[in-house]
$ cat upload.txt   # compact mmCIF, C-alpha atoms
# COMPACT_ATOMS: atom_id res chain seq x y z
CA MET A 1 17.46 19.52 3.19
CA ALA A 2 19.98 18.10 5.63
CA PRO A 3 21.13 14.57 4.84
CA THR A 4 20.10 11.86 7.30
CA LYS A 5 22.43 9.61 9.22
CA THR A 6 21.43 6.22 7.92
CA THR A 7 21.26 6.76 4.16
CA GLY A 8 23.86 9.46 3.66
CA ASN A 9 22.86 11.85 0.91
CA ASP A 10 20.10 9.75 -0.61
CA VAL A 11 16.71 11.37 -1.02
CA TYR A 12 13.72 9.22 -1.94
CA SER A 13 10.95 10.92 -3.92
CA VAL A 14 7.55 9.28 -4.09
CA ILE A 15 5.53 10.30 -7.14
CA LEU A 16 1.82 9.80 -6.53
CA PRO A 17 -0.60 10.46 -9.39
CA THR A 18 -4.10 11.11 -8.07
CA PHE A 19 -7.59 11.38 -9.48
CA ASN A 20 -10.44 11.49 -6.97
CA GLU A 21 -8.39 10.17 -4.08
CA ARG A 22 -9.72 12.51 -1.40
CA GLN A 23 -10.30 9.69 1.09
CA ASN A 24 -7.09 7.79 0.46
CA LEU A 25 -4.60 10.60 0.09
CA PRO A 26 -4.28 11.78 3.71
CA ILE A 27 -3.93 8.24 4.98
CA ILE A 28 -1.35 7.15 2.44
CA THR A 29 0.62 10.32 3.23
CA TRP A 30 0.38 9.55 6.95
CA LEU A 31 1.67 6.03 6.30
CA LEU A 32 4.52 7.32 4.13
CA ASN A 33 5.49 9.86 6.77
CA ARG A 34 5.45 7.20 9.48
CA THR A 35 7.52 4.70 7.48
CA PHE A 36 10.16 7.19 6.38
CA SER A 37 10.42 8.89 9.77
CA GLU A 38 10.76 5.60 11.64
CA GLN A 39 13.55 4.54 9.31
CA ASN A 40 15.20 7.96 9.36
CA ILE A 41 15.04 8.20 5.58
CA ASP A 42 15.16 11.51 3.73
CA TRP A 43 11.96 11.65 1.69
CA GLU A 44 9.55 13.75 -0.28
CA LEU A 45 6.15 13.22 -1.81
CA VAL A 46 5.14 14.70 -5.15
CA ILE A 47 1.37 14.56 -5.58
CA VAL A 48 0.31 14.96 -9.22
CA ASP A 49 -3.41 15.64 -9.32
CA ASP A 50 -5.31 15.66 -12.60
CA GLY A 51 -7.96 18.22 -11.66
CA SER A 52 -9.96 15.98 -9.32
CA PRO A 53 -13.50 17.27 -8.84
CA ASP A 54 -13.91 15.68 -5.40
CA GLY A 55 -11.71 18.01 -3.38
CA THR A 56 -8.49 15.98 -3.54
CA GLN A 57 -6.48 19.16 -4.03
CA ASP A 58 -7.92 20.77 -0.89
CA VAL A 59 -6.83 17.83 1.22
CA ALA A 60 -3.47 17.83 -0.55
CA ALA A 61 -2.94 21.48 0.38
CA GLN A 62 -3.59 20.62 4.05
CA LEU A 63 -1.06 17.80 3.83
CA VAL A 64 1.53 20.09 2.25
CA LYS A 65 1.23 22.29 5.31
CA LEU A 66 1.15 19.48 7.87
CA TYR A 67 4.13 17.57 6.54
CA ALA A 68 6.22 20.50 5.32
CA PRO A 69 8.74 20.43 3.77
CA HIS A 70 8.23 16.89 2.55
CA VAL A 71 5.06 17.18 0.48
CA GLN A 72 4.43 19.14 -2.70
CA LEU A 73 1.37 19.32 -4.90
CA GLN A 74 1.55 19.62 -8.67
CA THR A 75 -1.73 20.03 -10.49
CA ARG A 76 -2.81 19.46 -14.03
CA THR A 77 -6.01 20.68 -15.57
CA GLY A 78 -7.50 17.43 -16.83
CA LYS A 79 -7.47 13.66 -16.60
CA LEU A 80 -4.31 13.25 -18.63
CA GLY A 81 -3.42 9.76 -17.48
CA LEU A 82 -1.01 7.85 -15.32
CA GLY A 83 2.04 7.73 -17.57
CA THR A 84 2.25 11.45 -18.26
CA ALA A 85 1.62 12.12 -14.56
CA TYR A 86 4.81 10.23 -13.71
CA VAL A 87 6.80 12.19 -16.28
CA HIS A 88 5.31 15.45 -15.04
CA GLY A 89 6.01 14.60 -11.41
CA LEU A 90 9.61 13.69 -12.10
CA GLN A 91 10.33 17.25 -13.23
CA PHE A 92 9.61 18.48 -9.71
CA ALA A 93 11.10 15.61 -7.73
CA LYS A 94 14.35 16.41 -5.95
CA GLY A 95 15.39 12.89 -4.99
CA ASN A 96 18.02 10.65 -6.51
CA TYR A 97 15.72 7.68 -6.06
CA ILE A 98 12.15 7.65 -7.30
CA ILE A 99 9.34 5.52 -5.94
CA ILE A 100 6.22 4.93 -8.01
CA MET A 101 3.11 3.61 -6.30
CA ASP A 102 -0.69 3.76 -6.19
CA ALA A 103 -2.57 6.03 -3.77
CA ASP A 104 -5.24 3.52 -2.76
CA PHE A 105 -3.39 1.42 -0.12
CA SER A 106 -2.91 -1.45 -2.54
CA HIS A 107 0.78 -0.57 -2.26
CA HIS A 108 1.69 -0.36 1.41
CA PRO A 109 4.57 1.96 2.32
CA LYS A 110 5.87 -0.62 4.79
CA PHE A 111 7.54 -2.39 1.84
CA ILE A 112 9.54 0.67 0.83
CA PRO A 113 12.36 0.10 3.38
CA GLN A 114 12.61 -3.49 2.09
CA MET A 115 12.91 -2.20 -1.46
CA ILE A 116 15.53 0.32 -0.41
CA ALA A 117 17.55 -2.35 1.40
CA LYS A 118 17.29 -4.69 -1.60
CA GLN A 119 18.43 -1.95 -3.94
CA LYS A 120 21.43 -1.18 -1.77
CA ALA A 121 22.33 -4.85 -1.40
CA GLY A 122 22.90 -5.37 -5.11
CA ASN A 123 23.07 -1.80 -6.42
CA TYR A 124 20.08 -2.61 -8.61
CA ASP A 125 18.77 -0.08 -11.07
CA ILE A 126 15.17 -1.01 -10.35
CA VAL A 127 13.38 -2.85 -7.53
CA THR A 128 9.83 -3.94 -8.21
CA GLY A 129 7.18 -5.26 -5.86
CA THR A 130 5.78 -8.62 -6.89
CA ARG A 131 2.43 -10.15 -6.03
CA TYR A 132 3.26 -13.50 -7.60
CA ALA A 133 6.60 -14.63 -6.14
CA GLY A 134 7.90 -15.41 -2.68
CA ASP A 135 5.22 -14.64 -0.11
CA GLY A 136 3.74 -11.92 -2.26
CA GLY A 137 -0.04 -12.00 -2.45
CA VAL A 138 -3.33 -10.20 -2.85
CA TYR A 139 -6.37 -9.56 -0.67
CA GLY A 140 -9.82 -8.81 -2.02
CA TRP A 141 -9.80 -10.37 -5.45
CA ASP A 142 -12.55 -12.71 -6.55
CA LEU A 143 -11.81 -15.59 -8.89
CA LYS A 144 -12.60 -13.53 -11.99
CA ARG A 145 -10.16 -10.81 -11.03
CA LYS A 146 -7.46 -13.36 -10.17
CA LEU A 147 -7.97 -15.07 -13.52
CA THR A 148 -7.80 -11.75 -15.38
CA SER A 149 -4.62 -10.68 -13.65
CA LYS A 150 -2.83 -14.02 -13.86
CA GLY A 151 -4.00 -14.45 -17.46
CA ALA A 152 -2.69 -11.03 -18.36
CA ASN A 153 0.60 -11.86 -16.72
CA ILE A 154 0.96 -15.18 -18.53
CA PHE A 155 0.11 -13.49 -21.83
CA ALA A 156 2.76 -10.83 -21.32
CA ASP A 157 5.23 -13.37 -19.98
CA THR A 158 4.81 -15.68 -23.00
CA VAL A 159 5.01 -12.89 -25.58
CA LEU A 160 7.75 -10.85 -23.95
CA ARG A 161 9.65 -13.30 -21.71
CA PRO A 162 10.81 -10.41 -19.52
CA GLY A 163 12.26 -12.27 -16.55
CA VAL A 164 10.12 -10.34 -14.08
CA SER A 165 7.41 -12.22 -12.17
CA ASP A 166 4.94 -9.34 -11.86
CA LEU A 167 5.14 -7.35 -15.07
CA THR A 168 1.96 -5.38 -14.55
CA GLY A 169 2.86 -4.34 -11.03
CA SER A 170 3.40 -0.64 -10.47
CA PHE A 171 5.03 -0.45 -7.05
CA ARG A 172 8.64 0.28 -7.92
CA LEU A 173 11.83 1.96 -6.83
CA TYR A 174 14.02 3.41 -9.59
CA LYS A 175 17.38 5.11 -9.64
CA ARG A 176 16.51 8.57 -10.88
CA ASP A 177 18.81 8.62 -13.89
CA VAL A 178 17.60 5.17 -14.93
CA LEU A 179 13.98 6.34 -14.86
CA GLU A 180 14.84 9.47 -16.84
CA LYS A 181 16.58 7.36 -19.46
CA LEU A 182 13.62 4.97 -19.64
CA PHE A 183 11.12 7.81 -20.11
CA GLN A 184 13.15 8.88 -23.12
CA SER A 185 13.45 5.33 -24.47
CA THR A 186 9.77 4.53 -24.70
CA GLU A 187 6.87 6.66 -25.90
CA ILE A 188 4.20 4.50 -24.28
CA ARG A 189 2.34 6.66 -21.77
CA GLY A 190 -0.90 4.89 -20.99
CA PHE A 191 -1.41 2.77 -17.89
CA THR A 192 0.67 0.04 -19.60
CA MET A 193 3.64 2.34 -19.17
CA GLN A 194 4.97 0.54 -16.08
CA MET A 195 5.09 -2.67 -18.08
CA ALA A 196 6.84 -0.88 -20.91
CA LEU A 197 9.38 0.54 -18.47
CA ALA A 198 10.24 -2.92 -17.14
CA VAL A 199 10.61 -4.52 -20.57
CA THR A 200 12.60 -1.60 -21.95
CA ALA A 201 14.82 -1.68 -18.87
CA LYS A 202 15.54 -5.36 -19.38
CA SER A 203 16.38 -4.89 -23.04
CA GLN A 204 18.76 -2.06 -22.18
CA GLY A 205 20.55 -4.21 -19.65
CA PHE A 206 19.39 -2.56 -16.43
CA SER A 207 19.23 -4.79 -13.37
CA ILE A 208 15.86 -5.47 -11.75
CA ALA A 209 15.31 -7.09 -8.35
CA GLU A 210 12.00 -8.08 -6.75
CA VAL A 211 10.48 -7.76 -3.30
CA PRO A 212 7.31 -9.74 -2.47
CA ILE A 213 4.44 -7.44 -1.48
CA SER A 214 0.91 -7.92 -0.26
CA PHE A 215 -1.54 -6.01 -2.42
CA VAL A 216 -4.81 -5.06 -0.70
CA ASP A 217 -7.33 -4.20 -3.37
CA ARG A 218 -9.32 -0.99 -3.37
CA VAL A 219 -10.53 -0.14 0.10
CA TYR A 220 -12.28 3.02 -1.05
CA GLY A 221 -12.92 4.37 -4.50
CA ASP A 222 -13.65 2.75 -7.83
CA SER A 223 -11.12 0.90 -9.87
CA LYS A 224 -10.39 2.27 -13.30
CA LEU A 225 -9.97 -1.16 -14.92
CA GLY A 226 -12.57 -2.15 -17.52
CA GLY A 227 -12.91 -3.91 -20.87
CA GLU A 228 -11.36 -0.97 -22.68
CA GLU A 229 -8.28 -1.18 -20.47
CA ILE A 230 -7.90 -4.87 -21.22
CA VAL A 231 -7.82 -4.18 -24.97
CA GLU A 232 -5.36 -1.35 -24.44
CA TYR A 233 -3.26 -3.73 -22.35
CA ALA A 234 -3.15 -6.38 -25.10
CA LYS A 235 -2.21 -3.71 -27.64
CA GLY A 236 0.50 -2.47 -25.28
CA VAL A 237 2.00 -5.95 -24.93
CA LEU A 238 2.06 -6.47 -28.69
CA GLN A 239 3.53 -3.03 -29.27
CA LEU A 240 6.30 -3.85 -26.81
CA TRP A 241 6.86 -7.20 -28.50
CA TRP A 242 7.31 -5.44 -31.81
CA SER A 243 9.51 -2.58 -30.72
CA THR A 244 11.60 -3.71 -27.76
CA MET B 1 17.36 -7.38 -31.36
CA THR B 2 13.72 -6.89 -30.50
CA ARG B 3 11.52 -9.58 -29.00
CA ALA B 4 9.67 -9.72 -32.31
CA GLN B 5 12.88 -10.28 -34.28
CA GLN B 6 13.93 -12.98 -31.86
CA THR B 7 10.58 -14.77 -31.95
CA ILE B 8 10.30 -14.58 -35.75
CA SER B 9 13.88 -15.81 -36.25
CA ILE B 10 13.33 -18.80 -34.00
CA ALA B 11 9.99 -19.49 -35.70
CA LEU B 12 11.67 -19.44 -39.13
CA LEU B 13 14.39 -21.77 -37.91
CA VAL B 14 11.93 -24.25 -36.44
CA SER B 15 9.77 -24.06 -39.59
CA SER B 16 12.64 -24.84 -41.92
CA LEU B 17 13.75 -27.71 -39.70
CA TYR B 18 10.23 -29.09 -39.74
CA LEU B 19 9.95 -28.57 -43.50
CA SER B 20 13.11 -30.57 -44.05
CA LEU B 21 11.49 -33.47 -42.21
CA TYR B 22 8.14 -33.04 -43.95
CA LEU B 23 9.65 -32.92 -47.43
CA GLU B 24 11.58 -36.11 -46.64
CA LEU B 25 14.93 -34.39 -47.04
CA VAL B 26 16.10 -36.35 -44.01
CA PRO B 27 15.74 -40.15 -44.13
CA LEU B 28 13.40 -41.31 -41.37
CA PRO B 29 11.80 -44.63 -40.51
CA ALA B 30 8.56 -44.97 -42.50
CA LEU B 31 6.36 -45.07 -39.42
CA VAL B 32 7.77 -41.78 -38.14
CA GLN B 33 7.46 -40.19 -41.58
CA THR B 34 3.83 -41.06 -42.14
CA ALA B 35 2.35 -41.06 -38.66
CA ILE B 36 4.32 -38.56 -36.59
CA VAL B 37 5.80 -35.85 -38.77
CA PRO B 38 2.50 -34.65 -40.31
CA VAL B 39 0.85 -34.15 -36.92
CA LEU B 40 3.80 -32.53 -35.15
CA PRO B 41 2.55 -28.94 -35.63
CA PHE B 42 -0.87 -29.75 -34.17
CA TRP B 43 0.72 -31.63 -31.32
CA ALA B 44 2.94 -28.63 -30.62
CA LEU B 45 -0.05 -26.26 -30.66
CA VAL B 46 -2.14 -28.41 -28.34
CA SER B 47 0.78 -28.92 -25.98
CA PHE B 48 1.37 -25.18 -25.87
CA GLY B 49 -2.32 -24.58 -25.12
CA ALA B 50 -2.23 -27.19 -22.37
CA TRP B 51 0.89 -25.60 -20.86
CA VAL B 52 -0.71 -22.15 -20.76
CA LEU B 53 -3.88 -23.55 -19.18
CA PHE B 54 -1.79 -25.44 -16.65
CA ARG B 55 0.06 -22.28 -15.67
CA LEU B 56 -3.25 -20.46 -15.28
CA GLY B 57 -4.75 -23.23 -13.15
CA TRP B 58 -1.62 -23.57 -11.06
CA GLY B 59 -1.61 -19.83 -10.53
CA MET B 60 -5.20 -20.00 -9.26
CA LEU B 61 -4.42 -22.92 -6.92
CA THR B 62 -1.34 -21.32 -5.43
CA PHE B 63 -2.69 -17.78 -5.31
CA HIS B 64 -1.66 -16.25 -2.02
CA ASP B 65 -4.47 -14.42 -0.23
CA THR B 66 -3.41 -11.99 2.46
CA PRO B 67 -6.22 -11.38 4.96
CA GLU B 68 -3.73 -10.41 7.68
CA ALA B 69 -2.49 -7.56 5.53
CA TYR B 70 -6.06 -6.35 5.17
CA LYS B 71 -6.72 -6.43 8.92
CA GLU B 72 -3.45 -4.64 9.66
CA LEU B 73 -4.29 -2.00 7.09
CA MET B 74 -7.76 -1.40 8.56
CA GLU B 75 -6.21 -0.78 11.98
CA GLU B 76 -3.67 1.60 10.51
CA ILE B 77 -6.38 3.52 8.66
CA LYS B 78 -8.23 4.10 11.94
CA LEU B 79 -5.02 5.28 13.61
CA ALA B 80 -4.23 7.57 10.72
CA GLN B 81 -7.73 9.07 10.61
CA ALA B 82 -7.67 9.87 14.32
CA ASP B 83 -4.24 11.41 14.14
CA LEU B 84 -5.01 13.44 11.04
CA ARG B 85 -8.30 14.79 12.40
CA ALA B 86 -6.47 15.92 15.50
CA LYS B 87 -4.03 17.78 13.30
CA GLY B 88 -6.72 19.52 11.28
CA VAL B 89 -6.76 17.53 8.05
CA SER B 90 -10.19 16.78 6.58
CA VAL B 91 -10.70 13.04 6.79
CA ASP B 92 -13.95 11.25 5.95

$ encode --input "upload.txt" --output "structure tokens"
Amino acid sequence: MAPTKTTGNDVYSVILPTFNERQNLPIITWLLNRTFSEQNIDWELVIVDDGSPDGTQDVAAQLVKLYAPHVQLQTRTGKLGLGTAYVHGLQFAKGNYIIIMDADFSHHPKFIPQMIAKQKAGNYDIVTGTRYAGDGGVYGWDLKRKLTSKGANIFADTVLRPGVSDLTGSFRLYKRDVLEKLFQSTEIRGFTMQMALAVTAKSQGFSIAEVPISFVDRVYGDSKLGGEEIVEYAKGVLQLWWST
Amino acid sequence: MTRAQQTISIALLVSSLYLSLYLELVPLPALVQTAIVPVLPFWALVSFGAWVLFRLGWGMLTFHDTPEAYKELMEEIKLAQADLRAKGVSVD
């Protein structure tokens, strides 16, 4: 791939784990394409689909063709989870910067150029989107959801004191070698992995910067957050407290 | 040093400091010794609880809702759907 004029030889790989995202996937890809093209940024998208039964892979194949050579589809045969999807996707990513985000529009690609600029400004190892600082915010949460999220954040913040305002956020830009090192440093692979990555990064002395983002909650599709996830989350926080 | 080691070390330090006061190893005015020292741990616990609740309440009060982001996103979704359909991608 020829390097672009504005960012030299940098290639930004977006790793997008999907499960039943047939409605969201084409639109998020369209938004990514628009953002990166407008900013003249060299990009690729690695879709990691866990055997979605709703036809996600068919749509993905169409997108691979439409946006060639930027999009690739990697499939797995079962619902193996978010954390391992990131690790799997990284094997196929060609970029020297990796962006992790959700496929359901809660993470808007328009913030990616801001994250890239922030990363360049201070040569940070990691830039994370935050919903809780600056003019970061959320749309579509009722009081219960806000309480749950803020409560979870305060719990993690008190136990771990990580110095990051949105520990559970999963819209992040990583230097590739930093992410590879972090994957080796922690064995946590559930959905609490992003939290583990941030805490482990801090304890290993990597620099983390924040960019306020607006998080628009699920437009289509069902959330995968339930009581079981909350227990797993608490266990994840305590495990991190013990080992990091 | 892990977070756990750090927390436990500080907890041990604070406990031994408190114990030295409780066991009257440090001379204190009688009023302090009998009325304040024994209730310090409970006071600390309640204060901590109040602090956490305050943070939670403050977080709820200052929570930033972003309806403009939602509207903007809805427009973009329509644009994207039209463009994608035209280019032969199956869009609901």

$ closest_atom_pairs --input "upload.txt" --of "chain B" --to "chain A" --cutoff "8 Å" --atoms "only C-alpha atoms" --output "Markdown table"
| residue | atom | partner | partner_atom | distance |
| --- | --- | --- | --- | --- |
| B:Met1 | CA | A:Thr244 | CA | 7.7 |
| B:Thr2 | CA | A:Thr244 | CA | 4.7 |
| B:Arg3 | CA | A:Trp241 | CA | 5.3 |
| B:Ala4 | CA | A:Trp242 | CA | 4.9 |
| B:Gln5 | CA | A:Trp242 | CA | 7.8 |
| B:Val52 | CA | A:Ile154 | CA | 7.5 |
| B:Arg55 | CA | A:Ile154 | CA | 7.7 |
| B:Leu56 | CA | A:Gly151 | CA | 6.4 |
| B:Gly59 | CA | A:Lys150 | CA | 6.8 |
| B:Met60 | CA | A:Lys146 | CA | 7.1 |
| B:Phe63 | CA | A:Gly137 | CA | 7.0 |
| B:His64 | CA | A:Gly137 | CA | 4.6 |
| B:Asp65 | CA | A:Val138 | CA | 5.1 |
| B:Thr66 | CA | A:Tyr139 | CA | 4.9 |
| B:Pro67 | CA | A:Tyr139 | CA | 5.9 |
| B:Ala69 | CA | A:Ser214 | CA | 6.7 |
| B:Tyr70 | CA | A:Val216 | CA | 6.1 |
| B:Ile77 | CA | A:Ile27 | CA | 6.5 |
| B:Ala80 | CA | A:Ile27 | CA | 5.8 |
| B:Gln81 | CA | A:Ile27 | CA | 6.8 |
| B:Leu84 | CA | A:Pro26 | CA | 7.6 |
| B:Lys87 | CA | A:Leu66 | CA | 7.7 |
| B:Gly88 | CA | A:Gln62 | CA | 8.0 |
| B:Val89 | CA | A:Gln62 | CA | 6.0 |
| B:Ser90 | CA | A:Val59 | CA | 6.4 |
| B:Val91 | CA | A:Gln23 | CA | 6.6 |
| B:Asp92 | CA | A:Gln23 | CA | 6.3 |

$ atom_distance --input "upload.txt" --atom1 "atom CA of A:Gly205" --atom2 "atom CA of B:Phe48"
29.1 Å

$ closest_residue --input "upload.txt" --among "A:Gly190, A:Gly95, A:Gly51, A:Pro212" --to "A:Lys118" --atoms "all atoms listed in the file"
A:Pro212

$ residues_near_point --input "upload.txt" --point "(9.1, 18.1, -6.6)" --cutoff "10 Å" --atoms "all atoms listed in the file" --output "VMD selection string"
chain A and resid 13 to 15 44 to 48 70 to 74 88 to 95

$ residues_around --input "upload.txt" --residues "A:Ile208" --least-positions-apart "5" --cutoff "8 Å" --atoms "only C-alpha atoms" --output "number ranges by chain"
A: 124-128, 164, 202

$ build_atoms --input "upload.txt" --residues "stretch 78-88 of chain B" --atoms "all heavy atoms" --output "compact mmCIF listing (two decimals), in the frame of the given file"
# COMPACT_ATOMS: atom_id res chain seq x y z
N LYS B 78 -7.56 3.47 10.78
CA LYS B 78 -8.23 4.10 11.94
C LYS B 78 -7.27 5.00 12.69
O LYS B 78 -7.60 6.14 13.04
CB LYS B 78 -8.76 3.02 12.89
CG LYS B 78 -9.96 2.25 12.39
CD LYS B 78 -10.76 1.69 13.57
CE LYS B 78 -11.61 0.50 13.11
NZ LYS B 78 -10.85 -0.77 13.07
N LEU B 79 -6.05 4.49 12.93
CA LEU B 79 -5.02 5.28 13.61
C LEU B 79 -4.76 6.57 12.87
O LEU B 79 -4.71 7.66 13.45
CB LEU B 79 -3.71 4.48 13.64
CG LEU B 79 -3.32 3.68 14.86
CD1 LEU B 79 -1.99 2.99 14.60
CD2 LEU B 79 -3.21 4.56 16.09
N ALA B 80 -4.58 6.42 11.55
CA ALA B 80 -4.23 7.57 10.72
C ALA B 80 -5.35 8.61 10.75
O ALA B 80 -5.11 9.81 10.89
CB ALA B 80 -3.96 7.11 9.30
N GLN B 81 -6.60 8.14 10.63
CA GLN B 81 -7.73 9.07 10.61
C GLN B 81 -7.80 9.87 11.90
O GLN B 81 -8.00 11.08 11.88
CB GLN B 81 -9.03 8.29 10.39
CG GLN B 81 -9.21 7.82 8.96
CD GLN B 81 -10.42 6.91 8.79
OE1 GLN B 81 -10.80 6.21 9.73
NE2 GLN B 81 -11.00 6.92 7.61
N ALA B 82 -7.62 9.18 13.02
CA ALA B 82 -7.67 9.87 14.32
C ALA B 82 -6.58 10.92 14.41
O ALA B 82 -6.83 12.07 14.79
CB ALA B 82 -7.55 8.86 15.44
N ASP B 83 -5.38 10.50 14.04
CA ASP B 83 -4.24 11.41 14.14
C ASP B 83 -4.41 12.62 13.22
O ASP B 83 -4.16 13.76 13.61
CB ASP B 83 -2.96 10.64 13.78
CG ASP B 83 -1.71 11.43 14.10
OD1 ASP B 83 -1.73 12.19 15.09
OD2 ASP B 83 -0.71 11.29 13.37
N LEU B 84 -4.88 12.37 12.02
CA LEU B 84 -5.01 13.44 11.04
C LEU B 84 -6.11 14.42 11.44
O LEU B 84 -5.95 15.64 11.30
CB LEU B 84 -5.30 12.85 9.65
CG LEU B 84 -4.12 12.17 8.98
CD1 LEU B 84 -4.60 11.30 7.82
CD2 LEU B 84 -3.12 13.19 8.47
N ARG B 85 -7.21 13.89 11.96
CA ARG B 85 -8.30 14.79 12.40
C ARG B 85 -7.79 15.71 13.48
O ARG B 85 -8.08 16.90 13.48
CB ARG B 85 -9.49 13.98 12.90
CG ARG B 85 -10.36 13.45 11.81
CD ARG B 85 -11.71 12.99 12.32
NE ARG B 85 -12.34 12.16 11.28
CZ ARG B 85 -12.37 10.83 11.31
NH1 ARG B 85 -11.87 10.17 12.33
NH2 ARG B 85 -12.92 10.16 10.32
N ALA B 86 -7.01 15.13 14.39
CA ALA B 86 -6.47 15.92 15.50
C ALA B 86 -5.58 17.03 14.98
O ALA B 86 -5.46 18.10 15.60
CB ALA B 86 -5.70 15.01 16.45
N LYS B 87 -4.94 16.78 13.83
CA LYS B 87 -4.03 17.78 13.30
C LYS B 87 -4.68 18.67 12.26
O LYS B 87 -4.02 19.43 11.56
CB LYS B 87 -2.80 17.09 12.69
CG LYS B 87 -1.99 16.37 13.76
CD LYS B 87 -0.73 15.72 13.23
CE LYS B 87 0.07 15.16 14.38
NZ LYS B 87 0.85 13.98 13.99
N GLY B 88 -6.00 18.56 12.11
CA GLY B 88 -6.72 19.52 11.28
C GLY B 88 -6.81 19.19 9.80
O GLY B 88 -7.06 20.06 8.98
